[in-house]
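Structure file run.txt with compact mmCIF, C-alpha atoms:
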# COMPACT_ATOMS: atom_id res chain seq x y z
CA MET A 15 0.00 0.00 0.00
CA LYS A 16 1.39 3.38 -0.94
CA SER A 17 1.78 5.66 2.09
CA THR A 18 1.85 9.43 2.10
CA ILE A 19 3.18 11.57 4.95
CA LYS A 20 0.61 14.15 5.98
CA ILE A 21 0.89 16.60 8.87
CA SER A 22 -2.37 17.85 10.31
CA THR A 23 -2.69 21.40 11.53
CA LEU A 24 -2.83 20.19 15.14
CA VAL A 25 0.40 18.22 14.71
CA LEU A 26 2.07 21.27 13.20
CA LEU A 27 0.87 23.42 16.09
CA LEU A 28 2.21 20.84 18.51
CA ILE A 29 5.66 21.03 16.92
CA ILE A 30 5.62 24.83 16.90
CA SER A 31 4.45 25.10 20.49
CA GLY A 32 7.13 22.66 21.63
CA ILE A 33 9.81 24.81 20.04
CA SER A 34 8.27 28.02 21.33
CA PHE A 35 7.94 26.93 24.95
CA GLY A 36 11.58 27.65 25.61
CA GLN A 37 10.87 31.27 24.57
CA LYS A 38 7.85 31.83 26.83
CA THR A 39 9.28 35.04 28.29
CA ASN A 40 9.64 36.52 24.82
CA PRO A 41 6.59 38.73 24.07
CA ASP A 42 6.85 37.69 20.42
CA SER A 43 6.63 34.00 21.28
CA LEU A 44 3.72 31.88 20.10
CA VAL A 45 3.39 30.47 23.61
CA ILE A 46 3.15 33.10 26.33
CA GLY A 47 2.41 32.23 29.95
CA THR A 48 3.37 29.93 32.74
CA ALA A 49 4.72 26.43 32.53
CA ASP A 50 1.44 25.27 34.06
CA LYS A 51 -0.58 26.80 31.23
CA HIS A 52 1.71 25.28 28.63
CA GLU A 53 1.35 21.89 30.27
CA LYS A 54 -2.43 22.17 30.14
CA MET A 55 -2.24 23.04 26.44
CA MET A 56 -0.05 20.00 25.80
CA ASP A 57 -2.50 17.85 27.75
CA ILE A 58 -5.17 18.82 25.21
CA LEU A 59 -3.00 18.05 22.19
CA TYR A 60 -1.74 14.80 23.70
CA THR A 61 -5.19 13.59 24.79
CA PRO A 62 -5.21 9.80 24.31
CA THR A 63 -8.03 8.37 22.23
CA LYS A 64 -10.62 6.30 24.11
CA VAL A 65 -9.72 3.36 21.88
CA PRO A 66 -6.70 3.05 19.57
CA ILE A 67 -7.30 4.69 16.18
CA LYS A 68 -4.59 4.12 13.59
CA LYS A 69 -6.35 3.68 10.23
CA ILE A 70 -9.31 5.70 8.94
CA GLY A 71 -10.65 4.75 5.51
CA ILE A 72 -13.03 6.72 3.31
CA LEU A 73 -14.72 4.56 0.67
CA LEU A 74 -14.87 6.17 -2.78
CA TYR A 75 -16.78 5.03 -5.86
CA ASP A 76 -17.86 6.68 -9.10
CA GLY A 77 -20.76 9.01 -8.34
CA TYR A 78 -20.07 9.73 -4.67
CA ASN A 79 -21.09 13.12 -3.25
CA THR A 80 -17.98 15.24 -2.78
CA LEU A 81 -18.65 16.68 0.67
CA ASP A 82 -19.93 13.32 1.95
CA ALA A 83 -16.36 12.08 1.64
CA MET A 84 -14.24 15.23 1.92
CA GLY A 85 -15.97 16.61 5.03
CA PRO A 86 -15.19 13.54 7.16
CA TYR A 87 -11.78 13.17 5.48
CA HIS A 88 -10.70 16.67 6.49
CA THR A 89 -12.23 16.47 9.96
CA LEU A 90 -11.15 12.97 11.01
CA ALA A 91 -7.63 13.64 9.71
CA GLU A 92 -7.26 15.88 12.79
CA ILE A 93 -6.99 12.75 14.95
CA MET A 94 -3.26 12.69 15.63
CA GLY A 95 -1.46 9.42 15.13
CA ALA A 96 -4.00 8.07 12.64
CA LYS A 97 -3.65 7.70 8.90
CA THR A 98 -6.68 8.90 6.93
CA TYR A 99 -6.93 7.80 3.30
CA PHE A 100 -9.26 6.92 0.44
CA ILE A 101 -10.11 3.39 -0.65
CA ALA A 102 -11.85 2.18 -3.81
CA LYS A 103 -12.65 -1.22 -5.29
CA ASN A 104 -9.67 -0.79 -7.60
CA ARG A 105 -6.72 1.58 -7.57
CA GLY A 106 -6.83 4.49 -9.99
CA MET A 107 -9.05 7.44 -10.82
CA VAL A 108 -12.49 7.75 -9.22
CA LYS A 109 -15.02 10.38 -10.30
CA ASN A 110 -17.34 12.22 -7.97
CA GLN A 111 -20.97 12.95 -8.87
CA ARG A 112 -19.93 15.85 -11.11
CA GLY A 113 -16.99 14.19 -12.82
CA LEU A 114 -14.14 15.51 -10.67
CA GLU A 115 -11.39 12.87 -10.64
CA ILE A 116 -9.27 11.86 -7.68
CA LYS A 117 -6.49 9.28 -7.68
CA VAL A 118 -7.00 6.48 -5.14
CA ASP A 119 -3.94 4.44 -4.20
CA SER A 120 -5.61 1.81 -1.99
CA SER A 121 -7.91 -0.95 -3.21
CA PHE A 122 -10.12 -3.50 -1.46
CA ALA A 123 -7.33 -6.02 -1.95
CA ASP A 124 -4.90 -3.71 -0.14
CA VAL A 125 -7.05 -2.97 2.91
CA LYS A 126 -7.95 -5.81 5.25
CA SER A 127 -8.77 -3.83 8.41
CA LEU A 128 -9.66 -0.32 9.56
CA ASP A 129 -10.44 1.42 12.83
CA ILE A 130 -12.92 3.83 11.24
CA LEU A 131 -14.78 3.28 7.98
CA VAL A 132 -16.75 6.07 6.30
CA ILE A 133 -19.24 5.30 3.52
CA PRO A 134 -20.34 8.41 1.59
CA GLY A 135 -23.58 8.71 -0.32
CA GLY A 136 -24.57 9.80 -3.78
CA ALA A 137 -27.52 9.27 -6.12
CA THR A 138 -28.15 6.58 -8.73
CA GLU A 139 -24.63 5.13 -8.46
CA THR A 140 -25.17 4.67 -4.72
CA ILE A 141 -28.34 2.68 -5.33
CA MET A 142 -26.39 0.47 -7.74
CA LEU A 143 -23.68 0.04 -5.10
CA THR A 144 -26.23 -1.53 -2.74
CA GLN A 145 -26.37 -4.37 -5.30
CA ASP A 146 -22.59 -4.72 -5.68
CA THR A 147 -21.67 -7.98 -3.96
CA GLU A 148 -17.93 -7.29 -3.88
CA THR A 149 -18.40 -3.94 -2.14
CA ILE A 150 -20.98 -5.29 0.31
CA ASN A 151 -18.75 -8.22 1.25
CA TRP A 152 -15.71 -5.96 1.70
CA ILE A 153 -17.66 -3.66 4.05
CA LYS A 154 -18.81 -6.65 6.12
CA GLN A 155 -15.23 -7.92 6.33
CA ILE A 156 -13.85 -4.51 7.35
CA ASP A 157 -16.62 -4.10 9.92
CA LYS A 158 -15.16 -7.02 11.88
CA THR A 159 -12.21 -4.84 12.96
CA THR A 160 -13.68 -1.33 13.10
CA LYS A 161 -14.27 0.69 16.24
CA TYR A 162 -16.59 2.95 14.22
CA THR A 163 -18.47 1.98 11.08
CA THR A 164 -20.10 5.09 9.65
CA SER A 165 -22.09 6.49 6.75
CA VAL A 166 -23.00 9.89 5.37
CA CYS A 167 -26.24 10.70 3.54
CA THR A 168 -27.43 7.84 1.30
CA GLY A 169 -24.28 5.96 2.25
CA ALA A 170 -26.58 4.52 4.92
CA TRP A 171 -28.37 2.67 2.12
CA VAL A 172 -25.13 0.89 1.23
CA LEU A 173 -24.40 0.15 4.88
CA GLY A 174 -27.99 -1.02 5.30
CA ALA A 175 -27.62 -3.40 2.36
CA THR A 176 -24.90 -5.27 4.30
CA GLY A 177 -27.45 -6.24 6.97
CA LEU A 178 -25.30 -4.62 9.68
CA LEU A 179 -27.95 -2.03 10.56
CA GLN A 180 -30.79 -4.42 11.28
CA GLY A 181 -32.54 -3.33 14.47
CA LYS A 182 -30.25 -0.27 14.77
CA ASN A 183 -31.30 3.36 15.18
CA VAL A 184 -30.02 5.26 12.14
CA THR A 185 -30.44 8.34 10.01
CA SER A 186 -29.69 9.14 6.38
CA ASN A 187 -30.52 11.70 3.73
CA TRP A 188 -34.09 12.99 4.15
CA TYR A 189 -35.13 11.69 0.70
CA ARG A 190 -37.17 8.53 1.35
CA GLY A 191 -35.00 8.01 4.40
CA GLU A 192 -37.54 6.21 6.58
CA GLU A 193 -38.75 4.10 3.67
CA MET A 194 -35.27 2.99 2.66
CA MET A 195 -33.96 2.29 6.14
CA LYS A 196 -37.10 0.31 7.02
CA MET A 197 -36.39 -1.84 3.97
CA TYR A 198 -33.03 -2.71 5.57
CA GLY A 199 -34.57 -3.43 8.97
CA ALA A 200 -33.29 -0.24 10.63
CA ASN A 201 -35.15 2.37 12.68
CA PHE A 202 -34.98 5.77 10.97
CA LYS A 203 -34.51 8.82 13.19
CA GLU A 204 -34.87 12.34 11.84
CA GLU A 205 -31.63 13.59 13.37
CA ARG A 206 -28.45 15.28 12.20
CA TYR A 207 -26.50 12.16 13.19
CA VAL A 208 -27.27 9.02 15.19
CA ASN A 209 -25.07 6.44 16.84
CA ASP A 210 -26.11 2.99 17.96
CA GLY A 211 -23.14 1.16 19.37
CA LYS A 212 -20.25 1.46 16.95
CA TYR A 213 -22.54 2.36 14.05
CA TRP A 214 -22.72 6.09 13.34
CA THR A 215 -24.91 7.46 10.56
CA SER A 216 -25.49 11.05 9.48
CA ALA A 217 -28.06 12.93 7.45
CA GLY A 218 -27.34 14.49 4.08
CA VAL A 219 -23.97 15.73 2.82
CA SER A 220 -22.89 18.48 5.26
CA ALA A 221 -24.05 16.42 8.27
CA GLY A 222 -20.99 14.23 7.81
CA ILE A 223 -18.87 17.01 9.31
CA ASP A 224 -21.07 17.16 12.41
CA MET A 225 -20.91 13.38 12.78
CA SER A 226 -17.13 13.41 12.42
CA LEU A 227 -16.82 16.08 15.11
CA ALA A 228 -19.08 14.01 17.37
CA ILE A 229 -16.84 10.98 16.81
CA ILE A 230 -13.79 13.06 17.74
CA ASP A 231 -15.64 14.21 20.86
CA ASP A 232 -16.42 10.58 21.72
CA LEU A 233 -12.77 9.65 21.26
CA LEU A 234 -10.95 12.69 22.65
CA GLY A 235 -13.37 14.89 24.59
CA ARG A 236 -14.57 18.46 24.43
CA LYS A 237 -11.36 20.48 24.49
CA TYR A 238 -9.75 18.52 21.65
CA THR A 239 -12.99 18.76 19.68
CA GLU A 240 -13.14 22.52 20.22
CA ALA A 241 -9.56 22.74 18.96
CA VAL A 242 -10.57 20.91 15.78
CA MET A 243 -13.62 23.13 15.35
CA LEU A 244 -11.45 26.22 15.73
CA ASP A 245 -8.95 24.84 13.24
CA LEU A 246 -11.86 24.41 10.79
CA GLU A 247 -13.42 27.68 11.98
CA TYR A 248 -16.57 25.63 12.12
CA ASP A 249 -19.28 28.10 13.11
CA PRO A 250 -22.04 27.74 10.48
CA LYS A 251 -24.34 30.64 9.78
CA PRO A 252 -26.62 29.78 6.83
CA PRO A 253 -28.73 32.58 5.30
CA TYR A 254 -31.99 30.78 6.11
CA ASN A 255 -33.23 28.42 8.79
CA ALA A 256 -33.89 25.70 6.24
CA GLY A 257 -32.10 22.61 4.94
CA THR A 258 -34.59 19.96 6.10
CA PRO A 259 -38.05 19.21 4.69
CA LYS A 260 -39.78 20.51 7.83
CA LYS A 261 -37.83 23.77 7.84
CA SER A 262 -38.09 24.42 4.09
CA ASP A 263 -40.89 26.10 2.18
CA PRO A 264 -43.38 23.28 1.42
CA LEU A 265 -43.26 24.08 -2.29
CA VAL A 266 -39.47 23.82 -2.27
CA ALA A 267 -39.61 20.52 -0.37
CA ASP A 268 -42.14 19.05 -2.82
CA MET A 269 -40.12 20.26 -5.80
CA MET A 270 -36.91 18.65 -4.54
CA LYS A 271 -38.65 15.36 -3.74
CA GLU A 272 -40.17 15.23 -7.24
CA MET A 273 -36.79 15.96 -8.81
CA TYR A 274 -35.16 13.17 -6.80
CA ASP A 275 -38.02 10.81 -7.67
CA MET A 276 -37.53 11.36 -11.39
CA LEU A 277 -33.86 10.47 -11.04
CA MET A 278 -33.91 7.73 -8.42
CA LEU A 279 -37.35 6.20 -7.91
CA PRO A 280 -37.19 3.79 -10.88
CA LEU A 281 -33.98 2.28 -9.49
CA ILE A 282 -35.36 2.17 -5.95
CA GLU A 283 -38.39 0.24 -7.18
CA LYS A 284 -36.10 -2.27 -8.89
CA VAL A 285 -34.15 -2.79 -5.66
CA LYS A 286 -37.40 -3.30 -3.74
CA ALA A 287 -38.57 -5.84 -6.30
CA LYS A 288 -35.38 -7.87 -5.81
CA LYS A 289 -35.86 -7.94 -2.04

Written form, C-alpha cells:
Amino acid sequence: MKSTIKISTLVLLLIISGISFGQKTNPDSLVIGTADKHEKMMDILYTPTKVPIKKIGILLYDGYNTLDAMGPYHTLAEIMGAKTYFIAKNRGMVKNQRGLEIKVDSSFADVKSLDILVIPGGATETIMLTQDTETINWIKQIDKTTKYTTSVCTGAWVLGATGLLQGKNVTSNWYRGEEMMKMYGANFKEERYVNDGKYWTSAGVSAGIDMSLAIIDDLLGRKYTEAVMLDLEYDPKPPYNAGTPKKSDPLVADMMKEMYDMLMLPLIEKVKAKK
C-alpha cells in the first residue's frame, strides 16, 4: 500500500508550540504564559483516544457526493497518530458525482482492516452500489475490525444493504430516508447524526462534518474537539433556517422530492422488487 506523509494542523501546532515553549518570556513567542498553562495546552494536544485509532478509511466510488467524503476526510484527519486515506474497489481514478477525478492508491485487496470506515452517499450510483456484492462483502469484512463503522447521507443505504444495521437506530438523507432504512430493517430517526453502538450514521452531505466532530468528541473529549472546530473555523451561519423538509418552504420541499423521484425512484423500485 502506498503511504503518504501528511501533517495535520494540530500536529504542526504541537511542533511549533514545543519549540516556542523555551521562549515563553519573549513577548513575540507563540506560547506566552506559565509552565502550568503550557502543560495544560499540551494535555489537550496529547489527549489519548478512548480506543486506539490508527487507520481511517473513506470509501470512494464513481458518483459519490464530494462533501460526503471530503468533510469527514478533512475532519477525522485531525486525529493525531492516525492515517486517513481513500479506498476504492480498484486503484486508480475515481469520479465524484460531477466528474471531478481523484487518484485512489488503496484498493479493497490492499485494505484488510480499519479502525474507522466512512461510507459516503450519492444518487443513482449509490443505489447500484447496494447491489454490488464485492463492495458489500468488503464492508462486512472490514466491519469485523472497526471501532466505528459510519455512513453519510445515502451511504446509509449501502451500509444497510450489508445487513449490519438491522434493528439499529439510524439516520440518512431525508429523501425517502424512513422508507429505505425500514427496507433494511433499521429504525430511521430524523436527526443530524445518530449512533447505535459502533454504528454512526449522518443525514445528508454536510451532516458528515457534524458526525465526524461528534466521533472526535467521543474519542478525545470536548477540548480537543473545540480545537478541531477552531482549526476548521466551524461556526455555520446559513442565510436561512432551512435545509430539512420541515424547515423548508413546502413548495421547495415538494419540488426537490419530485426531482429526486424522477432520477432515483425507478432504481429504488427495482431494488425493492429484488428484495

Quick one: contact table of range 72-121 of chain A to range 242-246 of chain A, 12 Å max, nearest atom pair and distance in Å to one decimal per residue, counting all atoms listed in the file, chain and number order, as JSON lines?
{"residue": "A:Gly85", "atom": "CA", "partner": "A:Leu246", "partner_atom": "CA", "distance": 10.5}
{"residue": "A:Pro86", "atom": "CA", "partner": "A:Leu246", "partner_atom": "CA", "distance": 11.9}
{"residue": "A:His88", "atom": "CA", "partner": "A:Leu246", "partner_atom": "CA", "distance": 8.9}
{"residue": "A:Thr89", "atom": "CA", "partner": "A:Val242", "partner_atom": "CA", "distance": 7.5}
{"residue": "A:Leu90", "atom": "CA", "partner": "A:Val242", "partner_atom": "CA", "distance": 9.3}
{"residue": "A:Ala91", "atom": "CA", "partner": "A:Val242", "partner_atom": "CA", "distance": 9.9}
{"residue": "A:Glu92", "atom": "CA", "partner": "A:Val242", "partner_atom": "CA", "distance": 6.7}
{"residue": "A:Ile93", "atom": "CA", "partner": "A:Val242", "partner_atom": "CA", "distance": 8.9}
{"residue": "A:Met94", "atom": "CA", "partner": "A:Val242", "partner_atom": "CA", "distance": 11.0}

**Q.** Distance in Å - CA of Thr144 in chain A versus CA of Asn201 in chain A
**A.**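 Answer for the CA of Thr144 in chain A to CA of Asn201 in chain A separation: 18.2 Å.
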
**Q.** Shell of 10 Å around range 212-221 of chain A, all atoms listed in the file, local chain residues under 2 positions omitted, as a ChimeraX atom specification
**A.** /A:79-86,130-136,157,160-170,173,178-179,182-189,191,203-210,223-229,257-258

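Each of A:Ile150, A:Met278, A:Ala175, A:Val118 was checked against Arg190 in chain A using all atoms listed in the file; the smallest atom-to-atom distance is that of A:Met278.
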
Q. Quick one: distance from CA of Lys126 in chain A to CA of Asn151 in chain A in Å, one decimal?
A.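 CA of Lys126 in chain A sits 11.8 Å away from CA of Asn151 in chain A.
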
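The interatomic distance for the pair CA of Ile116 in chain A and CA of Phe100 in chain A works out to 9.5 Å.
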
Q | Residue among A:Asp146, A:Lys117, A:Gly211, A:Trp171 lying closest to Glu192 in chain A, counting all atoms listed in the file | A |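 Of all the options, A:Trp171 lies closest to Glu192 in chain A.
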
May I have the centre and edge lengths, in Å to one decimal, of an axis-aligned box around the listed atoms of range 247-257 of chain A with 3 Å added to every side, as AutoDock Vina command-line options?
--center_x -23.7 --center_y 27.6 --center_z 9.0 --size_x 26.5 --size_y 16.0 --size_z 14.2

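Counting only C-alpha atoms, the residue from A:Asp231, A:Lys54, A:Ala123, A:Asp268 that sits nearest to Lys103 in chain A is A:Ala123.
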
Within 7 Å of Gln180 in chain A, counting all atoms listed in the file, which residues show up once you throw out same-chain ones fewer than 3 positions away? Write them as a compact mmCIF listing (two decimals) with C-alpha atoms, keeping the file's coordinate frame, please.
# COMPACT_ATOMS: atom_id res chain seq x y z
CA GLY A 177 -27.45 -6.24 6.97
CA TYR A 198 -33.03 -2.71 5.57
CA GLY A 199 -34.57 -3.43 8.97
CA ALA A 200 -33.29 -0.24 10.63
